[in-house]
file my_file28.cif (mmCIF, C-alpha atoms)
data_input
#
loop_
_atom_site.label_atom_id
_atom_site.label_comp_id
_atom_site.auth_asym_id
_atom_site.auth_seq_id
_atom_site.Cartn_x
_atom_site.Cartn_y
_atom_site.Cartn_z
CA MET A 21 -3.52 182.22 -79.15
CA ASP A 22 -5.71 180.74 -76.46
CA SER A 23 -7.93 177.80 -77.30
CA LYS A 24 -9.00 174.65 -75.53
CA PHE A 25 -7.58 172.80 -78.55
CA ASP A 26 -3.99 173.38 -77.49
CA LYS A 27 -0.63 171.65 -77.99
CA ASP A 28 -1.49 168.81 -75.59
CA TYR A 29 -4.86 168.23 -77.27
CA TRP A 30 -3.23 167.78 -80.69
CA GLU A 31 -0.24 165.83 -79.42
CA ASN A 32 -2.62 163.29 -77.87
CA LYS A 33 -4.68 163.04 -81.08
CA TYR A 34 -1.57 161.96 -83.00
CA LYS A 35 -0.14 159.71 -80.29
CA GLU A 36 -3.48 157.92 -79.93
CA ASN A 37 -3.93 157.85 -83.73
CA THR A 38 -7.40 159.39 -83.48
CA THR A 39 -7.10 161.54 -86.59
CA GLY A 40 -10.06 160.42 -88.63
CA TRP A 41 -9.45 163.09 -91.27
CA ASP A 42 -6.05 161.55 -92.17
CA ILE A 43 -6.54 159.69 -95.48
CA GLY A 44 -2.94 158.47 -95.71
CA TYR A 45 -1.97 160.39 -98.86
CA ALA A 46 -2.19 163.87 -100.40
CA SER A 47 -5.77 164.64 -101.40
CA THR A 48 -6.74 164.84 -105.07
CA PRO A 49 -7.85 168.50 -105.11
CA LEU A 50 -4.43 169.53 -103.83
CA THR A 51 -2.32 167.25 -106.02
CA THR A 52 -4.27 168.42 -109.08
CA TYR A 53 -3.38 172.00 -108.19
CA PHE A 54 0.27 171.14 -107.43
CA ASN A 55 0.64 169.34 -110.77
CA GLN A 56 -0.06 172.54 -112.72
CA LEU A 57 2.52 174.65 -110.85
CA ASN A 58 5.59 175.46 -112.93
CA ASN A 59 7.74 177.43 -110.48
CA LYS A 60 9.59 174.86 -108.38
CA GLU A 61 11.32 177.66 -106.44
CA LEU A 62 8.16 178.77 -104.62
CA ARG A 63 8.47 179.04 -100.85
CA ILE A 64 5.54 176.96 -99.62
CA LEU A 65 4.14 176.69 -96.10
CA ILE A 66 1.75 174.02 -94.88
CA PRO A 67 0.39 175.18 -91.50
CA GLY A 68 -1.01 172.68 -89.04
CA GLY A 69 0.41 170.17 -91.47
CA GLY A 70 -0.24 167.06 -89.44
CA ASN A 71 1.26 163.97 -91.09
CA CYS A 72 1.57 166.17 -94.17
CA TYR A 73 1.45 163.89 -97.17
CA GLU A 74 1.19 167.12 -99.19
CA ALA A 75 4.74 168.14 -98.17
CA GLU A 76 6.03 164.73 -99.17
CA TYR A 77 4.21 164.91 -102.52
CA LEU A 78 5.54 168.40 -103.27
CA PHE A 79 9.10 167.52 -102.27
CA GLU A 80 9.10 164.37 -104.39
CA ASN A 81 7.90 166.47 -107.33
CA GLY A 82 10.77 168.94 -107.21
CA PHE A 83 9.51 171.60 -104.78
CA LYS A 84 12.41 171.83 -102.33
CA ASN A 85 11.30 174.98 -100.45
CA VAL A 86 8.40 173.33 -98.61
CA PHE A 87 7.97 174.03 -94.91
CA VAL A 88 5.59 172.39 -92.46
CA ILE A 89 4.60 173.97 -89.16
CA ASP A 90 2.68 172.17 -86.45
CA ILE A 91 2.11 172.79 -82.76
CA ALA A 92 2.32 169.03 -82.15
CA LEU A 93 5.68 167.30 -82.53
CA GLN A 94 4.39 163.78 -83.22
CA PRO A 95 3.08 164.42 -86.77
CA LEU A 96 6.40 166.04 -87.73
CA LYS A 97 8.19 162.94 -86.42
CA ASN A 98 5.75 160.81 -88.41
CA LEU A 99 6.59 162.68 -91.63
CA LYS A 100 10.36 162.40 -91.02
CA LYS A 101 10.09 158.69 -90.26
CA ARG A 102 7.97 158.04 -93.34
CA PHE A 103 10.09 160.30 -95.57
CA PRO A 104 13.65 160.57 -94.16
CA ASP A 105 14.85 162.78 -97.04
CA PHE A 106 12.62 165.65 -95.94
CA PRO A 107 14.90 168.37 -94.49
CA GLU A 108 14.76 168.52 -90.70
CA ASP A 109 15.07 172.32 -90.69
CA GLN A 110 11.91 172.60 -92.81
CA LEU A 111 9.84 170.85 -90.14
CA ILE A 112 8.87 173.60 -87.71
CA HIS A 113 7.59 172.61 -84.28
CA ALA A 114 5.93 175.86 -83.23
CA ASP A 115 2.70 177.79 -82.88
CA PHE A 116 1.61 179.01 -86.31
CA PHE A 117 0.41 182.30 -84.82
CA ASN A 118 3.96 183.07 -83.62
CA HIS A 119 5.61 182.29 -86.98
CA SER A 120 7.11 185.17 -88.95
CA GLU A 121 8.70 184.02 -92.24
CA GLN A 122 7.48 184.91 -95.75
CA TYR A 123 5.99 182.50 -98.30
CA ASP A 124 4.75 182.62 -101.87
CA LEU A 125 2.14 179.92 -101.32
CA ILE A 126 0.32 178.63 -98.26
CA VAL A 127 -1.48 175.30 -98.52
CA GLU A 128 -4.64 174.78 -96.47
CA GLN A 129 -5.66 171.17 -95.95
CA THR A 130 -7.04 170.57 -92.46
CA PHE A 131 -5.65 173.41 -90.33
CA PHE A 132 -8.44 175.98 -90.72
CA CYS A 133 -11.18 173.49 -89.82
CA ALA A 134 -9.15 172.25 -86.84
CA LEU A 135 -8.92 175.72 -85.31
CA ASP A 136 -11.43 176.89 -82.76
CA PRO A 137 -13.75 179.17 -84.82
CA VAL A 138 -12.95 182.09 -82.49
CA LEU A 139 -9.47 182.07 -84.10
CA ARG A 140 -10.62 182.36 -87.71
CA THR A 141 -10.13 186.12 -88.05
CA ASN A 142 -6.66 185.75 -86.48
CA TYR A 143 -5.92 183.00 -89.01
CA VAL A 144 -6.86 185.25 -91.96
CA ASN A 145 -4.70 188.08 -90.61
CA LYS A 146 -1.74 185.76 -90.00
CA ILE A 147 -1.96 184.15 -93.45
CA HIS A 148 -2.00 187.65 -94.95
CA ASP A 149 1.10 188.63 -92.97
CA LEU A 150 3.04 185.49 -93.95
CA LEU A 151 2.42 185.82 -97.68
CA THR A 152 4.65 187.76 -100.03
CA GLU A 153 3.09 190.39 -102.31
CA LYS A 154 0.56 188.65 -104.57
CA GLY A 155 1.10 185.45 -102.59
CA LYS A 156 -1.68 182.87 -102.53
CA VAL A 157 -3.38 180.63 -100.04
CA ILE A 158 -4.98 177.61 -101.67
CA GLY A 159 -6.66 174.47 -100.47
CA VAL A 160 -9.86 172.89 -99.32
CA LEU A 161 -12.48 173.91 -96.78
CA PHE A 162 -15.54 172.03 -95.56
CA ASN A 163 -18.83 172.95 -97.20
CA PHE A 164 -21.13 172.00 -94.32
CA GLU A 165 -21.50 172.45 -90.58
CA PHE A 166 -20.56 169.87 -87.98
CA LYS A 167 -22.76 169.49 -84.90
CA GLU A 168 -19.91 168.67 -82.48
CA LYS A 169 -18.22 171.20 -80.21
CA TYR A 170 -14.74 169.90 -81.08
CA PRO A 171 -12.67 169.80 -84.31
CA PRO A 172 -13.18 169.66 -87.17
CA PHE A 173 -15.39 172.72 -87.64
CA GLY A 174 -17.24 173.45 -90.87
CA GLY A 175 -18.63 176.42 -92.69
CA ASN A 176 -19.99 177.62 -96.04
CA ILE A 177 -19.17 179.85 -99.01
CA VAL A 178 -20.93 182.92 -97.58
CA GLU A 179 -19.05 182.67 -94.28
CA TYR A 180 -15.67 182.14 -95.96
CA THR A 181 -16.21 185.00 -98.41
CA LYS A 182 -17.06 187.41 -95.56
CA LEU A 183 -14.01 186.26 -93.63
CA PHE A 184 -11.43 186.63 -96.42
CA TYR A 185 -12.69 189.28 -98.85
CA GLU A 186 -11.10 192.34 -97.20
CA LYS A 187 -7.56 190.98 -97.44
CA PHE A 188 -7.74 188.59 -100.40
CA SER A 189 -9.00 188.42 -103.97
CA ILE A 190 -11.35 185.46 -104.13
CA ASN A 191 -9.98 183.92 -107.35
CA VAL A 192 -11.65 180.54 -106.88
CA LEU A 193 -14.14 179.31 -104.26
CA GLU A 194 -16.19 176.43 -105.57
CA ARG A 195 -17.27 172.90 -104.88
CA CYS A 196 -14.48 170.38 -105.44
CA TYR A 197 -15.09 168.32 -108.56
CA ASN A 198 -12.41 165.78 -107.61
CA SER A 199 -12.86 165.07 -103.90
CA ILE A 200 -12.31 161.56 -102.66
CA LYS A 201 -15.57 159.63 -102.36
CA PRO A 202 -16.15 160.08 -98.59
CA ARG A 203 -15.76 163.86 -99.00
CA ASP A 204 -17.67 164.25 -102.26
CA GLY A 205 -20.00 167.26 -102.08
CA ARG A 206 -18.56 168.31 -98.73
CA GLU A 207 -15.44 170.22 -99.81
CA LEU A 208 -14.76 173.57 -101.43
CA PHE A 209 -11.57 174.26 -103.35
CA PHE A 210 -10.21 177.79 -103.10
CA ILE A 211 -7.49 180.07 -104.40
CA PHE A 212 -7.24 183.42 -102.57
CA GLU A 213 -4.62 185.99 -103.56
CA LYS A 214 -3.22 188.55 -101.12
CA ILE A 215 -4.25 192.14 -101.84
#
call {"tool": "encode", "arguments": {"input": "my_file28.cif", "output": "structure tokens"}}
result
Amino acid sequence: MDSKFDKDYWENKYKENTTGWDIGYASTPLTTYFNQLNNKELRILIPGGGNCYEAEYLFENGFKNVFVIDIALQPLKNLKKRFPDFPEDQLIHADFFNHSEQYDLIVEQTFFCALDPVLRTNYVNKIHDLLTEKGKVIGVLFNFEFKEKYPPFGGNIVEYTKLFYEKFSINVLERCYNSIKPRDGRELFFIFEKI
């Protein structure tokens, strides 16, 4: 997929440590969701995972089939250095749009908002393809627009509903009640199920 926010762009963001969205741990909306999951055998993908504290959290809590894919190598190295027990073969250095495995659950943290908005329809189609029957994509999305012409990019409930409704049941799409303070009122939590 062509975008000015390519592999080199993201590699430099991580090497220069200019990732202002990185809070240094798995976010509360996601850990709250993870904590209620009972099936530890789920195949889970975290696309555009970045430093991926969510993968570390899941793995430490018994979910061993967690995979992280990122176009930039540096954040995958960062995760492995921080958490050496994470399996090397579950860290995938590749373009998400070229990936072709199947997953029961896809976790959205910062990938969608990092993508050039022209790729959003492609993202929805790819997520749909990667999920097993009745698979789910869950996570957080921004609930406001940014003025900048570079990532992250925002949006709103109406836009997200229009984007996903043809391929997913919108099970949950609501304001996060448990965002961290700097993000309070600016995040939506969602659970979309493949149809």
call {"tool": "atom_distance", "arguments": {"input": "my_file28.cif", "atom1": "atom CA of A:Glu213", "atom2": "atom CA of A:Arg140"}}
result
17.3 Å
call {"tool": "resolve_selection", "arguments": {"input": "my_file28.cif", "expression": "the PyMOL selection byres ((chain A and resi 59) around 12)", "output": "list in words"}}
result
Phe54, Asn55, Gln56, Leu57, Asn58, Lys60, Glu61, Leu62, Arg63, Ile64, Leu78, Asn81, Gly82, Phe83, Lys84, Asn85, Asp124 and Leu125 of chain A
call {"tool": "atom_distance", "arguments": {"input": "my_file28.cif", "atom1": "atom CA of A:Phe116", "atom2": "atom CA of A:Glu74"}}
result
17.5 Å
call {"tool": "resolve_selection", "arguments": {"input": "my_file28.cif", "expression": "the PyMOL selection byres ((chain A and resi 175-192) around 10)", "output": "PDB file with C-alpha atoms, in the coordinates of the input"}}
result
ATOM      1  CA  CYS A 133     -11.180 173.490 -89.820  1.00  0.00           C
ATOM      2  CA  PRO A 137     -13.750 179.170 -84.820  1.00  0.00           C
ATOM      3  CA  ARG A 140     -10.620 182.360 -87.710  1.00  0.00           C
ATOM      4  CA  THR A 141     -10.130 186.120 -88.050  1.00  0.00           C
ATOM      5  CA  TYR A 143      -5.920 183.000 -89.010  1.00  0.00           C
ATOM      6  CA  VAL A 144      -6.860 185.250 -91.960  1.00  0.00           C
ATOM      7  CA  ASN A 145      -4.700 188.080 -90.610  1.00  0.00           C
ATOM      8  CA  ILE A 147      -1.960 184.150 -93.450  1.00  0.00           C
ATOM      9  CA  HIS A 148      -2.000 187.650 -94.950  1.00  0.00           C
ATOM     10  CA  LYS A 154       0.560 188.650-104.570  1.00  0.00           C
ATOM     11  CA  GLY A 155       1.100 185.450-102.590  1.00  0.00           C
ATOM     12  CA  LYS A 156      -1.680 182.870-102.530  1.00  0.00           C
ATOM     13  CA  VAL A 157      -3.380 180.630-100.040  1.00  0.00           C
ATOM     14  CA  ILE A 158      -4.980 177.610-101.670  1.00  0.00           C
ATOM     15  CA  LEU A 161     -12.480 173.910 -96.780  1.00  0.00           C
ATOM     16  CA  PHE A 162     -15.540 172.030 -95.560  1.00  0.00           C
ATOM     17  CA  ASN A 163     -18.830 172.950 -97.200  1.00  0.00           C
ATOM     18  CA  PHE A 164     -21.130 172.000 -94.320  1.00  0.00           C
ATOM     19  CA  GLU A 165     -21.500 172.450 -90.580  1.00  0.00           C
ATOM     20  CA  PHE A 166     -20.560 169.870 -87.980  1.00  0.00           C
ATOM     21  CA  PHE A 173     -15.390 172.720 -87.640  1.00  0.00           C
ATOM     22  CA  GLY A 174     -17.240 173.450 -90.870  1.00  0.00           C
ATOM     23  CA  LEU A 193     -14.140 179.310-104.260  1.00  0.00           C
ATOM     24  CA  GLU A 194     -16.190 176.430-105.570  1.00  0.00           C
ATOM     25  CA  ARG A 195     -17.270 172.900-104.880  1.00  0.00           C
ATOM     26  CA  ARG A 206     -18.560 168.310 -98.730  1.00  0.00           C
ATOM     27  CA  GLU A 207     -15.440 170.220 -99.810  1.00  0.00           C
ATOM     28  CA  LEU A 208     -14.760 173.570-101.430  1.00  0.00           C
ATOM     29  CA  PHE A 209     -11.570 174.260-103.350  1.00  0.00           C
ATOM     30  CA  PHE A 210     -10.210 177.790-103.100  1.00  0.00           C
ATOM     31  CA  ILE A 211      -7.490 180.070-104.400  1.00  0.00           C
ATOM     32  CA  PHE A 212      -7.240 183.420-102.570  1.00  0.00           C
ATOM     33  CA  GLU A 213      -4.620 185.990-103.560  1.00  0.00           C
ATOM     34  CA  LYS A 214      -3.220 188.550-101.120  1.00  0.00           C
ATOM     35  CA  ILE A 215      -4.250 192.140-101.840  1.00  0.00           C
TER      36      ILE A 215
END
call {"tool": "closest_residue", "arguments": {"input": "my_file28.cif", "among": "A:Ala114, A:Leu99, A:Val160, A:Ala92", "to": "A:Thr51", "atoms": "all atoms listed in the file"}}
result
A:Val160
call {"tool": "atom_distance", "arguments": {"input": "my_file28.cif", "atom1": "atom CA of A:Tyr53", "atom2": "atom CA of A:Gly159"}}
result
8.7 Å
call {"tool": "resolve_selection", "arguments": {"input": "my_file28.cif", "expression": "the PyMOL selection byres ((chain A and resi 68-70) around 9)", "output": "JSON, numbers by chain"}}
result
{"A": [34, 42, 65, 66, 67, 71, 72, 73, 74, 75, 88, 89, 90, 91, 92, 94, 95, 96, 98, 99, 115, 116, 127, 128, 129, 130, 131, 132, 134]}
call {"tool": "residues_near_point", "arguments": {"input": "my_file28.cif", "point": "(9.2, 170.8, -89.1)", "cutoff": "7 Å", "atoms": "only C-alpha atoms", "output": "ChimeraX atom specification"}}
result
/A:87-89,96,108-113
call {"tool": "axis_aligned_box", "arguments": {"input": "my_file28.cif", "around": "stretch 84-96 of chain A", "padding_each_side": "6 Å", "output": "AutoDock Vina command-line options"}}
result
--center_x 7.3 --center_y 169.4 --center_z -92.2 --size_x 22.3 --size_y 23.2 --size_z 32.2
call {"tool": "build_atoms", "arguments": {"input": "my_file28.cif", "residues": "stretch 105-119 of chain A", "atoms": "N, CA and C atoms", "output": "short mmCIF file (atom, residue, chain, number, x, y, z; two decimals), in the coordinates of the input"}}
result
data_model
loop_
_atom_site.label_atom_id
_atom_site.label_comp_id
_atom_site.auth_asym_id
_atom_site.auth_seq_id
_atom_site.Cartn_x
_atom_site.Cartn_y
_atom_site.Cartn_z
N ASP A 105 14.16 161.77 -96.24
CA ASP A 105 14.85 162.78 -97.04
C ASP A 105 14.31 164.19 -96.83
N PHE A 106 13.17 164.31 -96.15
CA PHE A 106 12.62 165.65 -95.94
C PHE A 106 13.53 166.41 -94.97
N PRO A 107 13.95 167.63 -95.34
CA PRO A 107 14.90 168.37 -94.49
C PRO A 107 14.34 168.67 -93.09
N GLU A 108 15.14 168.32 -92.11
CA GLU A 108 14.76 168.52 -90.70
C GLU A 108 14.45 169.99 -90.41
N ASP A 109 15.25 170.90 -90.99
CA ASP A 109 15.07 172.32 -90.69
C ASP A 109 13.85 172.93 -91.39
N GLN A 110 13.14 172.14 -92.18
CA GLN A 110 11.91 172.60 -92.81
C GLN A 110 10.67 172.03 -92.11
N LEU A 111 10.91 171.33 -91.01
CA LEU A 111 9.84 170.85 -90.14
C LEU A 111 9.87 171.74 -88.89
N ILE A 112 8.87 172.57 -88.75
CA ILE A 112 8.87 173.60 -87.71
C ILE A 112 7.89 173.23 -86.61
N HIS A 113 8.43 172.92 -85.43
CA HIS A 113 7.59 172.61 -84.28
C HIS A 113 7.34 173.90 -83.51
N ALA A 114 6.22 174.54 -83.82
CA ALA A 114 5.93 175.86 -83.23
C ALA A 114 4.45 176.19 -83.41
N ASP A 115 4.05 177.25 -82.75
CA ASP A 115 2.70 177.79 -82.88
C ASP A 115 2.64 178.64 -84.15
N PHE A 116 1.78 178.29 -85.05
CA PHE A 116 1.61 179.01 -86.31
C PHE A 116 1.44 180.52 -86.08
N PHE A 117 0.72 180.90 -85.06
CA PHE A 117 0.41 182.30 -84.82
C PHE A 117 1.63 183.10 -84.35
N ASN A 118 2.72 182.41 -84.01
CA ASN A 118 3.96 183.07 -83.62
C ASN A 118 5.01 183.03 -84.73
N HIS A 119 4.67 182.45 -85.86
CA HIS A 119 5.61 182.29 -86.98
C HIS A 119 5.73 183.61 -87.73
#
